[in-house]
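Engineer: What follows is structure-v1.cif, mmCIF, C-alpha atoms.
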data_start
loop_
_atom_site.group_PDB
_atom_site.id
_atom_site.type_symbol
_atom_site.label_atom_id
_atom_site.label_comp_id
_atom_site.auth_asym_id
_atom_site.auth_seq_id
_atom_site.Cartn_x
_atom_site.Cartn_y
_atom_site.Cartn_z
ATOM 1 C CA MET A 1 -7.937 -24.701 40.598
ATOM 2 C CA THR A 2 -6.772 -21.196 39.651
ATOM 3 C CA ALA A 3 -3.161 -22.388 39.351
ATOM 4 C CA ARG A 4 -4.234 -25.313 37.160
ATOM 5 C CA ILE A 5 -6.218 -23.043 34.822
ATOM 6 C CA GLY A 6 -3.263 -20.639 34.660
ATOM 7 C CA ALA A 7 -0.976 -23.490 33.611
ATOM 8 C CA LEU A 8 -3.493 -24.621 30.981
ATOM 9 C CA THR A 9 -3.749 -21.052 29.680
ATOM 10 C CA ARG A 10 0.022 -20.889 29.260
ATOM 11 C CA TYR A 11 -0.055 -24.278 27.550
ATOM 12 C CA HIS A 12 -2.661 -23.102 25.029
ATOM 13 C CA LEU A 13 -0.682 -19.906 24.439
ATOM 14 C CA GLU A 14 2.412 -21.972 23.662
ATOM 15 C CA LEU A 15 0.339 -24.095 21.276
ATOM 16 C CA LEU A 16 -0.886 -20.984 19.484
ATOM 17 C CA LEU A 17 2.651 -19.673 19.097
ATOM 18 C CA ARG A 18 4.241 -22.968 18.046
ATOM 19 C CA SER A 19 1.484 -23.861 15.580
ATOM 20 C CA HIS A 20 1.468 -20.336 14.075
ATOM 21 C CA ALA A 21 -2.324 -20.349 14.535
ATOM 22 C CA TRP A 22 -2.003 -16.806 15.872
ATOM 23 C CA LEU A 23 -0.670 -15.527 12.556
ATOM 24 C CA PRO A 24 -3.728 -15.514 10.203
ATOM 25 C CA PRO A 25 -5.957 -13.466 12.569
ATOM 26 C CA PHE A 26 -3.079 -11.093 13.255
ATOM 27 C CA LEU A 27 -2.359 -10.565 9.565
ATOM 28 C CA ALA A 28 -6.046 -10.054 8.783
ATOM 29 C CA TYR A 29 -6.309 -7.493 11.576
ATOM 30 C CA ALA A 30 -3.165 -5.692 10.439
ATOM 31 C CA VAL A 31 -4.428 -5.510 6.840
ATOM 32 C CA LEU A 32 -7.815 -4.172 7.952
ATOM 33 C CA LEU A 33 -6.129 -1.505 10.072
ATOM 34 C CA VAL A 34 -3.885 -0.457 7.206
ATOM 35 C CA VAL A 35 -6.889 -0.240 4.865
ATOM 36 C CA GLY A 36 -9.237 1.440 7.325
ATOM 37 C CA VAL A 37 -6.931 3.806 9.221
ATOM 38 C CA ALA A 38 -4.638 6.140 7.265
ATOM 39 C CA ALA A 39 -1.706 8.031 8.741
ATOM 40 C CA GLY A 40 -2.855 11.443 9.897
ATOM 41 C CA ASP A 41 -6.496 10.443 10.449
ATOM 42 C CA PRO A 42 -8.193 11.692 13.631
ATOM 43 C CA LEU A 43 -7.160 9.614 16.633
ATOM 44 C CA LEU A 44 -10.645 8.909 17.985
ATOM 45 C CA GLY A 45 -12.001 7.749 14.642
ATOM 46 C CA GLY A 46 -9.067 5.382 14.149
ATOM 47 C CA LEU A 47 -9.469 3.986 17.649
ATOM 48 C CA GLY A 48 -13.166 3.355 16.995
ATOM 49 C CA PHE A 49 -12.407 1.482 13.775
ATOM 50 C CA GLY A 50 -9.670 -0.571 15.400
ATOM 51 C CA ALA A 51 -11.875 -1.530 18.342
ATOM 52 C CA GLY A 52 -14.750 -2.591 16.100
ATOM 53 C CA VAL A 53 -12.601 -4.779 13.848
ATOM 54 C CA LEU A 54 -11.029 -6.432 16.900
ATOM 55 C CA LEU A 55 -14.328 -8.087 17.816
ATOM 56 C CA PRO A 56 -14.468 -10.671 14.981
ATOM 57 C CA VAL A 57 -10.690 -11.137 15.170
ATOM 58 C CA SER A 58 -11.013 -12.075 18.855
ATOM 59 C CA ALA A 59 -13.695 -14.611 17.933
ATOM 60 C CA TRP A 60 -11.264 -16.040 15.373
ATOM 61 C CA TYR A 61 -8.637 -16.453 18.084
ATOM 62 C CA VAL A 62 -11.038 -18.599 20.104
ATOM 63 C CA ARG A 63 -11.382 -20.952 17.152
ATOM 64 C CA SER A 64 -7.594 -20.967 16.736
ATOM 65 C CA ALA A 65 -7.031 -21.776 20.411
ATOM 66 C CA LEU A 66 -9.586 -24.593 20.404
ATOM 67 C CA SER A 67 -8.231 -26.197 17.234
ATOM 68 C CA ALA A 68 -4.473 -25.684 17.693
ATOM 69 C CA GLU A 69 -4.032 -29.018 19.476
ATOM 70 C CA PRO A 70 -4.341 -32.406 17.706
ATOM 71 C CA PRO A 71 -7.476 -34.351 18.780
ATOM 72 C CA ALA A 72 -5.522 -37.215 20.358
ATOM 73 C CA SER A 73 -3.369 -34.854 22.407
ATOM 74 C CA ARG A 74 -6.411 -32.852 23.469
ATOM 75 C CA ALA A 75 -8.194 -36.033 24.577
ATOM 76 C CA CYS A 76 -5.236 -36.896 26.801
ATOM 77 C CA LEU A 77 -5.219 -33.395 28.257
ATOM 78 C CA VAL A 78 -8.961 -33.524 28.939
ATOM 79 C CA ALA A 79 -8.557 -36.886 30.671
ATOM 80 C CA ALA A 80 -5.761 -35.514 32.863
ATOM 81 C CA ALA A 81 -7.078 -32.037 33.730
ATOM 82 C CA GLY A 82 -10.818 -32.243 33.047
ATOM 83 C CA PRO A 83 -12.816 -30.735 30.172
ATOM 84 C CA VAL A 84 -13.950 -27.662 32.124
ATOM 85 C CA ARG A 85 -10.419 -26.517 32.995
ATOM 86 C CA VAL A 86 -9.104 -27.302 29.525
ATOM 87 C CA HIS A 87 -11.861 -25.299 27.854
ATOM 88 C CA LEU A 88 -11.424 -22.357 30.200
ATOM 89 C CA GLY A 89 -7.704 -22.414 29.525
ATOM 90 C CA ALA A 90 -8.295 -22.179 25.775
ATOM 91 C CA LEU A 91 -10.745 -19.297 26.185
ATOM 92 C CA LEU A 92 -8.353 -17.422 28.466
ATOM 93 C CA ALA A 93 -5.515 -17.963 25.988
ATOM 94 C CA ALA A 94 -7.630 -16.438 23.209
ATOM 95 C CA LEU A 95 -8.560 -13.552 25.499
ATOM 96 C CA THR A 96 -4.911 -12.941 26.410
ATOM 97 C CA VAL A 97 -3.859 -12.721 22.757
ATOM 98 C CA SER A 98 -6.831 -10.456 21.990
ATOM 99 C CA LEU A 99 -5.951 -8.095 24.847
ATOM 100 C CA VAL A 100 -2.326 -7.900 23.696
ATOM 101 C CA LEU A 101 -3.606 -7.088 20.214
ATOM 102 C CA ALA A 102 -5.894 -4.407 21.680
ATOM 103 C CA VAL A 103 -2.967 -2.682 23.405
ATOM 104 C CA GLY A 104 -0.842 -2.911 20.267
ATOM 105 C CA GLN A 105 -3.618 -1.528 18.109
ATOM 106 C CA VAL A 106 -4.156 1.475 20.370
ATOM 107 C CA ALA A 107 -0.425 2.186 20.435
ATOM 108 C CA ALA A 108 -0.142 1.899 16.629
ATOM 109 C CA VAL A 109 -3.142 4.142 15.957
ATOM 110 C CA TRP A 110 -1.875 6.693 18.485
ATOM 111 C CA TRP A 111 1.569 6.694 16.842
ATOM 112 C CA THR A 112 0.273 7.201 13.289
ATOM 113 C CA SER A 113 -2.760 9.414 13.941
ATOM 114 C CA GLY A 114 -3.140 13.116 13.334
ATOM 115 C CA PRO A 115 -5.360 15.359 15.487
ATOM 116 C CA VAL A 116 -7.457 13.869 18.259
ATOM 117 C CA VAL A 117 -10.759 14.894 16.620
ATOM 118 C CA GLY A 118 -11.918 15.707 13.120
ATOM 119 C CA GLN A 119 -12.500 19.127 11.657
ATOM 120 C CA GLY A 120 -15.600 20.871 12.955
ATOM 121 C CA ALA A 121 -15.444 19.399 16.479
ATOM 122 C CA ARG A 122 -16.684 21.847 19.084
ATOM 123 C CA GLN A 123 -13.825 21.145 21.488
ATOM 124 C CA GLU A 124 -10.364 19.571 21.481
ATOM 125 C CA PRO A 125 -9.938 16.886 24.152
ATOM 126 C CA GLY A 126 -6.570 15.791 25.427
ATOM 127 C CA THR A 127 -4.732 12.826 23.970
ATOM 128 C CA GLY A 128 -4.725 10.986 27.299
ATOM 129 C CA PRO A 129 -8.523 10.727 27.712
ATOM 130 C CA ALA A 130 -8.871 9.776 24.036
ATOM 131 C CA VAL A 131 -6.308 6.977 24.295
ATOM 132 C CA LEU A 132 -7.876 5.699 27.523
ATOM 133 C CA ALA A 133 -11.341 5.656 25.948
ATOM 134 C CA GLY A 134 -9.956 3.832 22.910
ATOM 135 C CA LEU A 135 -8.167 1.257 25.041
ATOM 136 C CA VAL A 136 -11.243 0.535 27.155
ATOM 137 C CA ALA A 137 -13.409 0.262 24.030
ATOM 138 C CA SER A 138 -10.905 -2.163 22.502
ATOM 139 C CA VAL A 139 -10.958 -4.290 25.652
ATOM 140 C CA VAL A 140 -14.768 -4.322 25.501
ATOM 141 C CA CYS A 141 -14.644 -5.580 21.918
ATOM 142 C CA ALA A 142 -12.003 -8.172 22.790
ATOM 143 C CA LEU A 143 -14.160 -9.514 25.627
ATOM 144 C CA LEU A 144 -17.249 -9.749 23.451
ATOM 145 C CA GLY A 145 -15.260 -11.234 20.591
ATOM 146 C CA VAL A 146 -14.162 -14.073 22.858
ATOM 147 C CA LEU A 147 -17.797 -14.437 23.908
ATOM 148 C CA ALA A 148 -18.845 -14.757 20.252
ATOM 149 C CA GLY A 149 -16.116 -17.307 19.619
ATOM 150 C CA ALA A 150 -17.098 -19.320 22.690
ATOM 151 C CA VAL A 151 -20.710 -19.554 21.532
ATOM 152 C CA ALA A 152 -19.801 -20.317 17.899
ATOM 153 C CA ASN A 153 -17.483 -23.262 18.598
ATOM 154 C CA ARG A 154 -17.538 -26.543 20.430
ATOM 155 C CA PRO A 155 -19.168 -27.621 22.653
ATOM 156 C CA VAL A 156 -22.068 -25.267 21.793
ATOM 157 C CA LEU A 157 -21.841 -25.987 18.061
ATOM 158 C CA VAL A 158 -21.111 -29.642 17.431
ATOM 159 C CA HIS A 159 -20.722 -29.202 13.664
ATOM 160 C CA ALA A 160 -17.507 -27.261 13.060
ATOM 161 C CA GLN A 161 -18.498 -26.129 9.559
ATOM 162 C CA TYR A 162 -21.080 -23.759 11.041
ATOM 163 C CA GLY A 163 -18.588 -22.136 13.407
ATOM 164 C CA ILE A 164 -17.168 -19.459 11.114
ATOM 165 C CA PRO A 165 -20.510 -18.108 9.796
ATOM 166 C CA ALA A 166 -21.986 -18.294 13.300
ATOM 167 C CA ALA A 167 -19.054 -16.356 14.775
ATOM 168 C CA LEU A 168 -19.204 -13.706 12.046
ATOM 169 C CA GLY A 169 -22.960 -13.348 12.421
ATOM 170 C CA LEU A 170 -22.797 -13.014 16.192
ATOM 171 C CA ALA A 171 -19.870 -10.592 15.994
ATOM 172 C CA THR A 172 -21.830 -8.448 13.552
ATOM 173 C CA LEU A 173 -24.848 -8.434 15.852
ATOM 174 C CA LEU A 174 -22.691 -7.426 18.807
ATOM 175 C CA LEU A 175 -21.386 -4.500 16.794
ATOM 176 C CA VAL A 176 -24.661 -3.216 15.335
ATOM 177 C CA VAL A 177 -27.276 -3.911 18.021
ATOM 178 C CA PRO A 178 -27.673 -0.673 20.032
ATOM 179 C CA ALA A 179 -28.034 -2.531 23.335
ATOM 180 C CA SER A 180 -24.635 -4.208 22.918
ATOM 181 C CA PRO A 181 -21.758 -2.912 25.066
ATOM 182 C CA ALA A 182 -19.482 -3.077 21.995
ATOM 183 C CA ASN A 183 -21.870 -0.936 19.971
ATOM 184 C CA ALA A 184 -22.059 1.619 22.771
ATOM 185 C CA ALA A 185 -18.267 1.756 23.189
ATOM 186 C CA VAL A 186 -17.487 2.109 19.469
ATOM 187 C CA ARG A 187 -20.355 4.541 18.931
ATOM 188 C CA GLY A 188 -19.012 6.681 21.762
ATOM 189 C CA LEU A 189 -15.612 6.957 20.059
ATOM 190 C CA VAL A 190 -17.132 7.822 16.694
ATOM 191 C CA SER A 191 -19.348 10.440 18.312
ATOM 192 C CA ALA A 192 -16.414 11.875 20.259
ATOM 193 C CA ALA A 193 -14.452 12.248 17.013
ATOM 194 C CA ARG A 194 -17.205 14.567 15.760
ATOM 195 C CA THR A 195 -18.019 16.464 18.933
ATOM 196 C CA GLY A 196 -14.793 16.372 20.947
ATOM 197 C CA ARG A 197 -16.584 15.104 24.065
ATOM 198 C CA VAL A 198 -14.780 11.958 25.212
ATOM 199 C CA THR A 199 -16.400 9.525 27.628
ATOM 200 C CA VAL A 200 -14.546 6.432 28.810
ATOM 201 C CA PRO A 201 -16.976 3.467 28.392
ATOM 202 C CA TRP A 202 -16.602 2.009 31.871
ATOM 203 C CA PRO A 203 -20.241 0.740 31.991
ATOM 204 C CA SER A 204 -19.696 -1.112 28.704
ATOM 205 C CA LEU A 205 -16.523 -2.667 30.103
ATOM 206 C CA LEU A 206 -18.339 -3.892 33.205
ATOM 207 C CA ALA A 207 -21.236 -5.283 31.157
ATOM 208 C CA ALA A 208 -18.884 -7.042 28.720
ATOM 209 C CA ALA A 209 -16.869 -8.598 31.561
ATOM 210 C CA VAL A 210 -19.998 -9.885 33.296
ATOM 211 C CA LEU A 211 -21.403 -11.288 30.052
ATOM 212 C CA LEU A 212 -18.178 -13.074 29.165
ATOM 213 C CA ALA A 213 -17.821 -14.496 32.674
ATOM 214 C CA ALA A 214 -21.356 -15.870 32.573
ATOM 215 C CA VAL A 215 -21.128 -17.252 29.040
ATOM 216 C CA GLY A 216 -17.625 -18.633 29.567
ATOM 217 C CA ALA A 217 -18.686 -20.464 32.725
ATOM 218 C CA GLY A 218 -21.754 -21.865 30.954
ATOM 219 C CA VAL A 219 -19.802 -23.031 27.908
ATOM 220 C CA ALA A 220 -17.114 -24.633 30.080
ATOM 221 C CA ALA A 221 -19.790 -26.429 32.089
ATOM 222 C CA LEU A 222 -21.324 -27.665 28.838
ATOM 223 C CA ALA A 223 -17.913 -28.955 27.764
ATOM 224 C CA GLY A 224 -17.904 -31.045 30.939
ATOM 225 C CA ARG A 225 -21.189 -32.657 29.919
ATOM 226 C CA ARG A 226 -20.141 -33.250 26.299
ATOM 227 C CA PRO A 227 -16.938 -35.265 26.552
ATOM 228 C CA GLU A 228 -14.729 -35.243 23.470
#
So, in terms of structure tokens, how does the structure I just supplied come out?
Structural biologist:
Amino acid sequence: MTARIGALTRYHLELLLRSHAWLPPFLAYAVLLVVGVAAGDPLLGGLGFGAGVLLPVSAWYVRSALSAEPPASRACLVAAAGPVRVHLGALLAALTVSLVLAVGQVAAVWWTSGPVVGQGARQEPGTGPAVLAGLVASVVCALLGVLAGAVANRPVLVHAQYGIPAALGLATLLLVVPASPANAAVRGLVSAARTGRVTVPWPSLLAAAVLLAAVGAGVAALAGRRPE
């Protein structure tokens, strides 16, 4: 089953690339980074901004992965491989693209940033711990973005017109609710930019991975009970 899902993930990735459905979220993310992160800004603050913006972009990639294939072709694929595997393949494709974007964002912010922390910080942490904390926080946001996209698209939402506002609303909640792993990870980076005390958000990463695994399995199971 793992090999079959891997093949379906590669298939959905090829669909994203060939259909250029990957391009609008990428361009939106690039524009937001250019607007929100200026060259010479403190590294930790830029990493926090980039991680936070990645969450709704990752949700967008789920929608792109689920809609990149024509309905007739998707119906044939579902009949051949099963709706659960097909849906998991699309979610994993969106997650793969989001993780690649997370790595690229961290590298770009690191390359263009100034000092690690802002003026007035009580200590100056090393670049390595700051980059690691930013990368882990970005992965957390990518995981929860895919979670938001999974909940805000079929088969959970039957009416596609509600998908975009639902995804944006859920992504916003995941960023602002204090109990959210994404909120904790981004807040830690913003706080570290002021204080200089960097903490890698490993607990947030574990919580986000568990949440996505549970939600992804539930959504895929629901796709098996709601044939297309």
Engineer: Tell me which residues come within 10 Å of (-11.6, -30.7, 31.2), as number ranges by chain, counting only C-alpha atoms in the file's coordinates.
Structural biologist: A: 74-89, 220-221, 223-225, 227-228
Engineer: Give as an MDAnalysis selection string the residues that the PyMOL selection byres ((chain A and resi 191-205) around 8) matches when applied to the coordinates above.
Structural biologist: chainID A and resid 42:45 116:125 129:130 132:134 136:137 139:140 181:182 184:185 187:190 206:209
Engineer: Report as number ranges by chain the full result of the PyMOL selection byres ((chain A and resi 12) around 12) when it is applied to this structure.
Structural biologist: A: 5-11, 13-19, 21-22, 61-70, 74, 77, 85-97
Engineer: Selection in question (the file shown): the PyMOL selection byres ((chain A and resi 155) around 9). Which residues does it include, as a list in words?
Structural biologist: Ala150, Val151, Ala152, Asn153, Arg154, Val156, Leu157, Val158, Val219, Ala220, Leu222, Ala223, Arg226, Pro227 and Glu228 of chain A
Engineer: Using CA of Tyr162 in chain A and CA of Ala28 in chain A as the two end points, give the distance in Å to one decimal.
Structural biologist: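 Result for CA of Tyr162 in chain A versus CA of Ala28 in chain A: 20.5 Å, one decimal.
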Engineer: Interatomic distance between CA of Asn183 in chain A and CA of Cys141 in chain A?
Structural biologist: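 According to the coordinates, CA of Asn183 in chain A and CA of Cys141 in chain A are separated by 8.8 Å.
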Engineer: Between CA of Pro56 in chain A and CA of Thr172 in chain A, what is the spacing in Å?
Structural biologist: 7.8 Å
Engineer: Can you tell me, as number ranges by chain, which residues sit within 9 Å of (-24.1, -10.5, 23.3) in the file's frame, using all atoms listed in the file?
Structural biologist: A: 144, 147-148, 170-171, 173-174, 179-182, 208, 211-212
Engineer: Of the candidates A:Gly218, A:Gly149, A:Pro115, A:Gly163, which one gets nearest to Asp41 in chain A if we count all atoms listed in the file?
Structural biologist: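 For Asp41 in chain A, the nearest of the candidates is A:Pro115.
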Engineer: Neighbouring residues of Gln105 in chain A were defined as those with any atom within 9 Å, considering only C-alpha atoms; residues of the same chain fewer than 2 positions away were excluded. Please report them as a list in words.
Structural biologist: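 Contacts, with the query itself left out: Ala30, Leu33, Leu47, Gly50, Ala51, Leu54, Val100, Leu101, Ala102, Val103, Ala107, Ala108, Val109, Trp110, Leu135 and Ser138 of chain A.
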Engineer: Emit as lines of an AutoDock Vina configuration file the padded axis-aligned box for all listed atoms of range 92-109 of chain A, 6 Å per side, with centre and edge lengths in Å to one decimal.
Structural biologist:
center_x = -4.4
center_y = -6.9
center_z = 22.2
size_x = 20.4
size_y = 34.1
size_z = 24.5
